[in-house]
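Participant: Supplied in structure tokens, the structure appears directly below.
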There are 4 protein chains.
Amino acid sequence: MKKLKVGMIGGGGSGNFFGNVHRRAISFDATREVVAGALRSQPEAALAAAEEWGVRGYPDYQAMIEACQRGDLELDYITIVTPNHQHFEPAMACLKAGIPVLCEKPMTMTVAESEQLVDLCERQKTPFILAHTYTGHPMAMYARELIAAGEIGEIRKIESWYTQGWLADKLEDSGLQQADWRTDPKRAGISNCGGDIGTHAFVAATWVTGLEVARLSARLNTFVQGRLLDDDFNVIAEMNNGATAMIWATQIAIGYKNDNGFRVFGTKGSLEWRQERAEKLLLRQGNHDQTYWLGANFDFWPETVASYLRVPAGHHEDFFEALANLHCSLERRIRGNRGESVPPPFAHPDARTGLAGMKFVGAAVESSRRQGAWTEM
Amino acid sequence: MKKLKVGMIGGGGSGNFFGNVHRRAISFDATREVVAGALRSQPEAALAAAEEWGVRGYPDYQAMIEACQRGDLELDYITIVTPNHQHFEPAMACLKAGIPVLCEKPMTMTVAESEQLVDLCERQKTPFILAHTYTGHPMAMYARELIAAGEIGEIRKIESWYTQGWLADKLEDSGLQQADWRTDPKRAGISNCGGDIGTHAFVAATWVTGLEVARLSARLNTFVQGRLLDDDFNVIAEMNNGATAMIWATQIAIGYKNDNGFRVFGTKGSLEWRQERAEKLLLRQGNHDQTYWLGANFDFWPETVASYLRVPAGHHEDFFEALANLHCSLERRIRGNRGESVPPPFAHPDARTGLAGMKFVGAAVESSRRQGAWTEM
Amino acid sequence: MKKLKVGMIGGGGSGNFFGNVHRRAISFDATREVVAGALRSQPEAALAAAEEWGVRGYPDYQAMIEACQRGDLELDYITIVTPNHQHFEPAMACLKAGIPVLCEKPMTMTVAESEQLVDLCERQKTPFILAHTYTGHPMAMYARELIAAGEIGEIRKIESWYTQGWLADKLEDSGLQQADWRTDPKRAGISNCGGDIGTHAFVAATWVTGLEVARLSARLNTFVQGRLLDDDFNVIAEMNNGATAMIWATQIAIGYKNDNGFRVFGTKGSLEWRQERAEKLLLRQGNHDQTYWLGANFDFWPETVASYLRVPAGHHEDFFEALANLHCSLERRIRGNRGESVPPPFAHPDARTGLAGMKFVGAAVESSRRQGAWTEM
Amino acid sequence: MKKLKVGMIGGGGSGNFFGNVHRRAISFDATREVVAGALRSQPEAALAAAEEWGVRGYPDYQAMIEACQRGDLELDYITIVTPNHQHFEPAMACLKAGIPVLCEKPMTMTVAESEQLVDLCERQKTPFILAHTYTGHPMAMYARELIAAGEIGEIRKIESWYTQGWLADKLEDSGLQQADWRTDPKRAGISNCGGDIGTHAFVAATWVTGLEVARLSARLNTFVQGRLLDDDFNVIAEMNNGATAMIWATQIAIGYKNDNGFRVFGTKGSLEWRQERAEKLLLRQGNHDQTYWLGANFDFWPETVASYLRVPAGHHEDFFEALANLHCSLERRIRGNRGESVPPPFAHPDARTGLAGMKFVGAAVESSRRQGAWTEM
């Protein structure tokens with residue numbers, strides 16, 4: 001099996017966390033490798049970063065895509081790791097050139113942009129994956145399969161949260177870049193906390209359950225004085241099947257790191273998962289609790305999930321494995337489209353997920369401005 | 001030290017769970033004992049139940065209180081364990097006779113009744129404790145002390161929940177008495193889930209933090225078809241210091257038993273406690289987590305809590321110990337008022353807590369009827 | 001049902017932890033009560049302690065037993081809570097008078113004494129229970145039932161431990177009474193750590209499994225300089241079915257409180273329990289783990305255990321409940337012998353268990369002296 | 001920084017778990033890559049496997065090493081992933097050619113071979129790492145640092161274990177290759193359970209503490225009928241500082257996967273770690289417990305460990321990260337020797353560790369044959 005050739009837009013520079021993380025996830029399985037990149041926004045820096053990685057460098061993403069179109073460069077897909085407000089344009093350019101994309105979240109800065117992107121993806125049937133990392137964790141995938149199989153019945157209620165504490169103080173004044181752009185409306189858009197991690201809670205509530213948010217009532221807070229965007233995000237939502245969902249996120253919960261999780265309550269059972277204990281999935285039916293551990297032997301897993309596992313029972317899969325699974329899932333779509341024999345790709349978040357997330361954050365911001373008035377998605 | 005003599009109203013009959021539970025909690029420390037009771041609503045049954053327990057029996061609570069007033073019976077306090085809609089009248093009668101009371105929750109059926117009760121308590125300074133059981137757990141008490149001492153700074157956000165699953169089906173049709181009266185508006189009042197366990201979540205959010213709810217937006221659901229009251233209860237509240245609180249309770253979360261807990265986030269730290277892991281309290285400050293275990297040696301505890309502990313390090317205290325602590329706290333108020341030398345009573349929930357709970361549930365029911373409109377307490 | 005009348009030998013004085021603990025356990029269910037006692041070794045102190053508790057006082061245990069024999073006092077059973085080296089004589093006296101006994105552990109100071117006691121119990125069929133507290137915990141009882149029912153097959157290996165840290169320093173020099181007598185050969189006998197907590201690990205390995213130790217190799221250590229007895233105790237044992245058991249206890253594990261637990265490995269499955277997480281029992285069969293929580297509803301439990309439960313699902317039972325169950329079990333033997341209709345008593349540790357424990361510690365001390373030579377029980 | 005070029009001996013074939021695992025660990029950081037290999041024992045299969053991976057293929061390891069010596073191939077180090085009985089010869093060949101080695105465990109089949117290897121390594125100062133995977137986990141590394149820094153004082157007692165259940169039945173008869181060679185004396189040597197996982201428990205007891213085993217008493221069992229080697233392994237050891245260690249491993253504990261862990265008790269504190277909860281390290285000092293989570297922010301970690309971390313707080317590192325750290329540690333030795341500026345290599349297990357492990361298993365087998373007689377290492 002020939003390795004897939006991957007291009008990267010953004011992500012260069014030794015201090016760039018996500019660039020290196022995606023590079024690692026891409027090469028995780030030795031069936032994919034980064035071969036080219038427009039790795040930074042300044043042309044010279046972009047070329048230097050490519051040199052550093054030992055891949056073919058381009059001054060900007062347009063040049064890289066043109067090289068593909070000219071036949072000078074062969075890329076099976078492109079990974080977009082630019083700052084949030086620079087996702088839309090390169091993604092559109094890739095799609096227009098017919099190149100599959102794995103894009104960091106958030107997908108775009110506006111609903112209108114997301115709609116264009118969905119439209120293009122679906123018209124062209126170009127594979128597109130949105131990098132909600134932990135949807136690639138086998139246990140999150142398994143949760144989705146259990147719900148789809150009806151194991152907890154019709155869903156009545158969802159609780160989904162993401163608790164962090166790193167923005168409890170005004171870190172943006174300290175010069176920390178991560179804090180700076182996230183709290184700047186020009187680069188982060190209409191919401192900091194909602195857009196950054198509220199969307200993860202939203203994806204947990206919808207992607208895992210297969211449901212959609214119909215309308216919502218929200219309360220966004222800015223607890224840190226002088227901050228320009230929300231740092232706390234609370235939503236009560238009505239799902240399209242009538243279920244109620246509590247979806248909330250906060251960045252001011254001191255000492256909490258990545259406490260992202262969900263509990264889903266149905267007519268036949270309940271399901272609970274927390275990312276910080278990712279190897280454990282709690283299914284409760286009747287009076288009994290059943291706990292699934294990643295530690296279960298391979299033959300325990302449904303086929304749809306089994307092919308995404310990499311370690312024997314008793315070891316854990318976590319961050320890199322989850323992200324690699326998103327790349328793996330895209331790889332399978334690409335190979336499958338070519339008629340190669342691969343296990344089926346999993347239904348990981350795509351452009352439509354990205355659009356829903358944009359609408360969700362938009363509706364929440366609006367509802368909060370209107371004192372929690374119920375707002376349609 | 002002479003044992004306190006305790007009378008009980010309600011609670012008789014071998015199948016009565018709470019009557020036996022309180023009797024056990026009363027005699028837990030050998031400094032209190034049940035000596036008399038009007039244990040059931042039917043006079044004959046009441047006398048038979050007293051006979052069975054070997055205590056002095058009365059046909060009704062009025063008779064028992066009159067015996068006290070006549071000097072025929074000496075009672076240091078009375079415990080009220082009647083059905084919910086029969087708390088107010090005996091409580092008032094006791095208080096009017098100057099007899100201290102430990103009353104099961106909810107305190108009354110209406111806000112107006114609660115106001116009368118608070119008024120009487122405070123005018124007479126008669127000790128009164130409302131039986132929110134787990135406020136008697138040393139770890140809940142310790143959480144309150146840590147917050148009062150400023151360990152987590154000014155509070156910004158509270159999450160407080162109570163998750164149960166036993167009413168996921170229409171159990172009231174099965175003849176189960178516990179389900180029957182709770183879902184019957186005549187006996188349970190305006191709310192089932194909110195009144196029964198939502199108030200526990202409310203108490204966690206207020207008693208532990210020392211804050212009050214200013215106004216709230218609520219969504220109550222009745223998920224089980226044909227049920228007459230809510231079985232799911234969701235509130236976003238604004239606290240009197242501006243903090244936001246998520247307070248919710250549900251009875252349809254299959255497999256969950258008594259998953260009651262809170263997380264409180266302040267400007268200096270966070271505090272987390274779950275009743276099903278009651279011996280553990282998580283304090284997070286800065287980047288670090290500090291976990292308090294009941295397993296810590298006695299000299300670890302602040303004096304205000306230490307005198308309420310009964311087992312050495314490495315053993316757990318739980319349900320009976322917590323309830324016994326409420327009786328113990330009342331005992332100390334009574335003895336202290338008499339000038340006996342006892343450790344200080346802890347600030348356990350009193351009539352004012354009961355009044356606030358009634359207002360809270362009332363406001364939530366009203367807000368939910370008005371589509372989540374923000375409603376003052 | 002008439003309350004059982006209980007006498008107590010030892011345990012008086014306000015600072016006596018175990019006396020108060022047993023008194024609480026006795027009255028836990030309102031079907032038993034302490035009515036008389038020879039509560040301290042000095043006659044005057046004994047009478048004063050009885051006065052303090054409000055029970056009939058005797059200057060010494062002989063006087064109390066004689067009162068029973070004369071018909072002046074009616075006792076259904078006697079609880080012995082004297083210091084360790086004073087268990088044998090009063091136990092024999094009770095048994096000779098035909099009075100059932102619940103005795104604190106260790107049962108005696110020598111094997112010969114234990115043999116006399118077993119002999120008397122069995123000849124007379126007088127009920128006798130040895131207070132290994134946590135054998136009264138419903139989960140420990142359930143573990144025994146699961147093994148007896150063959151759920152884990154034939155047992156191959158046992159790991160049983162008790163880890164404490166309170167004697168990591170030479171606490172006996174500080175005047176702490178608990179440390180003083182335990183490390184004094186005159187009052188503690190041939191072993192400190194082995195006798196005090198090694199026997200708990202031994203009981204876990206034998207009572208839970210139904211197996212006996214055939215022979216053993218031991219290594220006892222005294223890590224704290226100047227200490228007169230062992231503070232660390234390690235045994236490899238061969239069980240009577242050929243299984244191997246690791247049985248060890250230590251008092252120098254700083255920060256550990258009552259970390260007592262076992263893991264039993266059989267041909268069909270494994271069972272794991274830890275006293276500090278007493279509400280949880282892990283059964284593993286095939287590749288799957290099944291976790292039993294005390295949180296399971298009542299109808300989950302086998303009948304043999306169900307009647308020993310006191311709290312609804314989601315609350316915990318612990319120290320007092322476990323000890324109360326031993327008294328409850330004795331109560332049922334007594335009532336059953338009289339033809340009263342009670343649930344069956346559970347097979348809690350009796351005099352034979354006490355004898356086996358004495359032999360076990362004796363063999364371990366001998367083996368350790370002989371450099372770990374295999375020694376018959 | 002130029003990528004290190006790595007050769008691999010063994011590990012080829014799509015079903016080869018450890019070959020793929022090492023390849024992934026090698027390329028984890030994009031500073032190392034596999035460029036050549038003698039990947040299988042049959043020359044043709046070896047060349048085909050290299051073709052499949054896209055690396056330079058050699059028919060056997062001798063040919064690969066000769067190519068290096070001739071200057072035809074440049075390798076910075078070689079990874080040995082052959083079956084256990086084929087580690088010694090290629091390792092010696094690499095070392096003789098002056099090529100650094102990362103070798104799977106066990107290092108050799110006999111003590112004499114291990115001694116030769118140590119001798120050669122030390123005379124030549126050629127870097128050599130033995131792949132005890134979890135010694136590369138940051139938490140295991142941190143445990144070693146805490147002990148070396150004196151945080152728990154002088155060590156008195158060690159408990160170290162490895163519990164597995166996969167060989168509870170006679171799996172070697174099922175044709176499973178993993179079971180087959182491990183239980184075959186010709187390929188596994190004198191011990192199955194001791195050699196395979198007892199050595200992990202041994203390394204935990206020695207590498208983490210910095211102590212050595214002086215002498216030991218052992219009991220090895222073969223619980224599965226007809227099996228040719230031990231499947232259960234129990235050692236009581238005396239350490240070179242007088243501490244006592246319980247070191248045991250079993251493969252018949254049904255349902256346990258990789259329950260490897262240790263508890264170390266010193267004069268000032270205790271340290272506990274379990275591989276299946278690898279992100280958590282428990283330090284207990286005085287009455288208090290301190291829990292270290294991998295979730296702590298980067299600035300929490302000592303410099304010696306910090307440079308081996310790859311994910312932000314709140315995510316976990318596990319199997320691949322640990323193995324990659326061993327390669328990373330070797331990389332730093334190699335680069336450091338060349339004068340490149342790299343963080344200091346960590347003291348991961350080397351040839352001397354391998355020798356000690358061989359002696360340990362040998363002494364245990366001998367002691368067990370002699371009924372547990374104390375045997376010098």
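Starting from 1 in every chain, residues are counted up; chains themselves are A, B, ... following the order of the structure tokens, and ligands are numbered from 1 as listed.
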Applying 9 Å and only C-alpha atoms, which residues near region 222-229 of chain B remain after dropping the ones on its own chain fewer than 2 positions away? List them as a list in words.
Facilitator: Arg156 and Ala243 of chain A; Leu167, Ala168, Asp169, Lys170, Glu172, Arg182, Thr183, Asp184, Pro185, Ala188, Gly189, Ile190, Ser191, Asn192, Cys193, Leu220, Asp231, Asp232, Phe233 and Ile252 of chain B
Participant: Report the closest atom pair, with its distance in Å rounded to one decimal, for each residue of chain A that has an atom no farther than 7 Å from chain D; count only C-alpha atoms, sort by chain and then rising residue number, and write it as CSV.
Facilitator:
residue,atom,partner,partner_atom,distance
A:Arg24,CA,D:Phe28,CA,6.2
A:Phe28,CA,D:Arg24,CA,6.2
A:Lys257,CA,D:Gly314,CA,4.8
A:Asn258,CA,D:Gly314,CA,4.9
A:Glu276,CA,D:Gly314,CA,6.2
A:Gly295,CA,D:Lys257,CA,6.8
A:Ala313,CA,D:Lys257,CA,5.9
A:Gly314,CA,D:Lys257,CA,4.8
A:His315,CA,D:Phe319,CA,6.3
A:His316,CA,D:Asp318,CA,6.0
A:Asp318,CA,D:His316,CA,6.0
A:Phe319,CA,D:His315,CA,6.3
Participant: I'd like the contact shell of Ser270 (chain C) - 12 Å cut-off, only C-alpha atoms, skipping same-chain residues fewer than 6 positions apart - returned as a count of residues only.
Facilitator: 37
Participant: Return as a ChimeraX atom specification the full set of residues in region 50-276 of chain B whose backbone-based DSSP assignment is strand (DSSP E or B).
Facilitator: /B:56-57,77-80,101-103,128-130,155-163,213-221,232-239,244-250,259-266,270-274
Participant: Just the residues within 9 Å of region 346-349 of chain C, please, counting only C-alpha atoms, with nothing from its chain fewer than 6 positions along; format it as a PyMOL selection string.
Facilitator: chain C and resi 128-132+135-136+141+203+207+304-305+326+329-330+332-333
Participant: What is the CA of Gln371 (chain A)-CA of Asn221 (chain A) distance in Å, reported with one decimal?
Facilitator: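 Interatomic distance here is 11.6 Å.
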Participant: For the alpha helix (DSSP H) assignment from backbone DSSP, which residues of region 123-254 of chain D qualify? Please present them as an NGL selection string.
Facilitator: :D and (123-124 or 138-148 or 177-182 or 185-188 or 193 or 199-207)
Participant: Please produce a file of the residues just selected, as an mmCIF file, in the first residue's frame, where the atoms kept are N, CA and C atoms.
Facilitator:
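So part-v5.cif came out as:
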data_model
loop_
_atom_site.group_PDB
_atom_site.id
_atom_site.type_symbol
_atom_site.label_atom_id
_atom_site.label_comp_id
_atom_site.auth_asym_id
_atom_site.auth_seq_id
_atom_site.Cartn_x
_atom_site.Cartn_y
_atom_site.Cartn_z
ATOM 1 N N ARG D 123 33.259 -1.481 28.199
ATOM 2 C CA ARG D 123 34.607 -1.238 27.700
ATOM 3 C C ARG D 123 34.584 -0.213 26.574
ATOM 4 N N GLN D 124 33.603 -0.380 25.683
ATOM 5 C CA GLN D 124 33.542 0.494 24.510
ATOM 6 C C GLN D 124 32.770 1.785 24.751
ATOM 7 N N PRO D 138 6.743 9.175 31.738
ATOM 8 C CA PRO D 138 7.203 10.300 32.573
ATOM 9 C C PRO D 138 6.920 10.098 34.058
ATOM 10 N N MET D 139 5.849 9.416 34.392
ATOM 11 C CA MET D 139 5.534 9.242 35.806
ATOM 12 C C MET D 139 6.479 8.253 36.467
ATOM 13 N N ALA D 140 6.875 7.214 35.755
ATOM 14 C CA ALA D 140 7.857 6.284 36.306
ATOM 15 C C ALA D 140 9.189 7.005 36.468
ATOM 16 N N MET D 141 9.511 7.822 35.490
ATOM 17 C CA MET D 141 10.750 8.600 35.568
ATOM 18 C C MET D 141 10.700 9.557 36.759
ATOM 19 N N TYR D 142 9.562 10.156 36.929
ATOM 20 C CA TYR D 142 9.410 11.106 38.040
ATOM 21 C C TYR D 142 9.499 10.384 39.383
ATOM 22 N N ALA D 143 8.933 9.192 39.456
ATOM 23 C CA ALA D 143 9.036 8.400 40.686
ATOM 24 C C ALA D 143 10.499 8.173 41.046
ATOM 25 N N ARG D 144 11.288 7.798 40.026
ATOM 26 C CA ARG D 144 12.718 7.579 40.257
ATOM 27 C C ARG D 144 13.393 8.851 40.757
ATOM 28 N N GLU D 145 13.031 9.979 40.183
ATOM 29 C CA GLU D 145 13.629 11.245 40.604
ATOM 30 C C GLU D 145 13.245 11.589 42.048
ATOM 31 N N LEU D 146 11.988 11.366 42.390
ATOM 32 C CA LEU D 146 11.541 11.678 43.757
ATOM 33 C C LEU D 146 12.297 10.843 44.779
ATOM 34 N N ILE D 147 12.475 9.570 44.478
ATOM 35 C CA ILE D 147 13.194 8.697 45.413
ATOM 36 C C ILE D 147 14.659 9.100 45.496
ATOM 37 N N ALA D 148 15.257 9.357 44.347
ATOM 38 C CA ALA D 148 16.665 9.772 44.341
ATOM 39 C C ALA D 148 16.856 11.070 45.122
ATOM 40 N N GLN D 177 0.713 -18.082 18.812
ATOM 41 C CA GLN D 177 2.172 -18.027 18.772
ATOM 42 C C GLN D 177 2.762 -17.395 20.036
ATOM 43 N N GLN D 178 2.129 -16.302 20.495
ATOM 44 C CA GLN D 178 2.602 -15.613 21.688
ATOM 45 C C GLN D 178 2.680 -16.539 22.901
ATOM 46 N N ALA D 179 1.676 -17.426 23.013
ATOM 47 C CA ALA D 179 1.662 -18.368 24.134
ATOM 48 C C ALA D 179 2.647 -19.495 23.904
ATOM 49 N N ASP D 180 2.774 -19.877 22.660
ATOM 50 C CA ASP D 180 3.572 -21.045 22.302
ATOM 51 C C ASP D 180 5.044 -20.864 22.673
ATOM 52 N N TRP D 181 5.666 -19.809 22.176
ATOM 53 C CA TRP D 181 7.113 -19.687 22.432
ATOM 54 C C TRP D 181 7.409 -19.330 23.881
ATOM 55 N N ARG D 182 6.493 -18.598 24.516
ATOM 56 C CA ARG D 182 6.770 -18.206 25.897
ATOM 57 C C ARG D 182 6.812 -19.406 26.851
ATOM 58 N N PRO D 185 10.536 -24.142 26.780
ATOM 59 C CA PRO D 185 11.866 -23.935 27.374
ATOM 60 C C PRO D 185 12.949 -23.663 26.337
ATOM 61 N N LYS D 186 12.799 -24.218 25.141
ATOM 62 C CA LYS D 186 13.855 -24.000 24.135
ATOM 63 C C LYS D 186 13.946 -22.544 23.718
ATOM 64 N N ARG D 187 12.792 -21.908 23.610
ATOM 65 C CA ARG D 187 12.812 -20.533 23.138
ATOM 66 C C ARG D 187 12.697 -19.496 24.267
ATOM 67 N N ALA D 188 12.120 -19.908 25.389
ATOM 68 C CA ALA D 188 11.908 -18.932 26.469
ATOM 69 C C ALA D 188 12.952 -19.048 27.568
ATOM 70 N N CYS D 193 6.870 -17.057 33.174
ATOM 71 C CA CYS D 193 6.262 -15.911 33.857
ATOM 72 C C CYS D 193 7.328 -14.991 34.451
ATOM 73 N N THR D 199 10.431 -9.969 35.332
ATOM 74 C CA THR D 199 11.536 -9.020 35.158
ATOM 75 C C THR D 199 11.033 -7.577 35.159
ATOM 76 N N HIS D 200 9.827 -7.348 34.663
ATOM 77 C CA HIS D 200 9.274 -5.984 34.749
ATOM 78 C C HIS D 200 9.076 -5.583 36.222
ATOM 79 N N ALA D 201 8.544 -6.540 36.996
ATOM 80 C CA ALA D 201 8.352 -6.255 38.423
ATOM 81 C C ALA D 201 9.703 -6.032 39.103
ATOM 82 N N PHE D 202 10.693 -6.810 38.686
ATOM 83 C CA PHE D 202 12.044 -6.659 39.216
ATOM 84 C C PHE D 202 12.617 -5.288 38.868
ATOM 85 N N VAL D 203 12.450 -4.873 37.629
ATOM 86 C CA VAL D 203 12.979 -3.577 37.212
ATOM 87 C C VAL D 203 12.286 -2.458 37.984
ATOM 88 N N ALA D 204 10.968 -2.590 38.173
ATOM 89 C CA ALA D 204 10.258 -1.582 38.966
ATOM 90 C C ALA D 204 10.872 -1.486 40.363
ATOM 91 N N ALA D 205 11.200 -2.647 40.939
ATOM 92 C CA ALA D 205 11.718 -2.657 42.308
ATOM 93 C C ALA D 205 13.137 -2.117 42.412
ATOM 94 N N THR D 206 13.900 -2.223 41.351
ATOM 95 C CA THR D 206 15.309 -1.838 41.429
ATOM 96 C C THR D 206 15.606 -0.527 40.700
ATOM 97 N N TRP D 207 15.158 -0.412 39.473
ATOM 98 C CA TRP D 207 15.463 0.790 38.693
ATOM 99 C C TRP D 207 14.816 2.014 39.343
#
Participant: Show which residues sit within 7 Å of Ile26 (chain A), as a list in words. Count only C-alpha atoms, and ignore same-chain residues fewer than 4 positions away.
Facilitator: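 Close residues of Ile26 (chain A): His22, Arg32, Glu33, Ala324 and His327 of chain A.
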Participant: Which neighbours of region 62-67 of chain A fall inside 10 Å, counting only C-alpha atoms, when residues of the same chain fewer than 3 positions from it are skipped, and could you give them as a ChimeraX atom specification?
Facilitator: /A:7-9,36-38,56-59,70-75,78,89-90,93-94,96-99
Participant: Would you mind listing what lies within 10 Å of Val342 (chain B) as number ranges by chain, with only C-alpha atoms counted and same-chain residues fewer than 6 positions away left out?
Facilitator: B: 307, 331-336
Participant: Can you spit out the residues from that selection as a short mmCIF file (atom, residue, chain, number, x, y, z; two decimals), in the first residue's frame, using N, CA and C atoms?
Facilitator:
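Output below, filename result_31.cif:
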data_model
loop_
_atom_site.label_atom_id
_atom_site.label_comp_id
_atom_site.auth_asym_id
_atom_site.auth_seq_id
_atom_site.Cartn_x
_atom_site.Cartn_y
_atom_site.Cartn_z
N SER B 307 -15.20 17.66 65.82
CA SER B 307 -16.04 17.08 66.87
C SER B 307 -17.23 16.30 66.29
N GLU B 331 -28.78 18.96 69.14
CA GLU B 331 -28.49 18.67 70.55
C GLU B 331 -27.59 19.74 71.15
N ARG B 332 -26.56 20.13 70.38
CA ARG B 332 -25.63 21.13 70.90
C ARG B 332 -26.28 22.50 71.07
N ARG B 333 -27.18 22.83 70.16
CA ARG B 333 -27.89 24.11 70.33
C ARG B 333 -28.71 24.07 71.62
N ILE B 334 -29.40 22.95 71.80
CA ILE B 334 -30.27 22.83 72.98
C ILE B 334 -29.44 22.86 74.26
N ARG B 335 -28.41 22.06 74.30
CA ARG B 335 -27.57 22.01 75.50
C ARG B 335 -26.85 23.34 75.72
N GLY B 336 -26.38 23.92 74.62
CA GLY B 336 -25.69 25.20 74.73
C GLY B 336 -26.61 26.27 75.32
#
Participant: Can you measure CA of His137 (chain A) to CA of Leu323 (chain A) for me? One decimal in Å is fine.
Facilitator: 7.8 Å
Participant: One decimal, Å: what's the distance from CA of Ala322 (chain B) over to CA of Phe360 (chain B), could you say?
Facilitator: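 According to the coordinates, CA of Ala322 (chain B) and CA of Phe360 (chain B) are separated by 24.3 Å.
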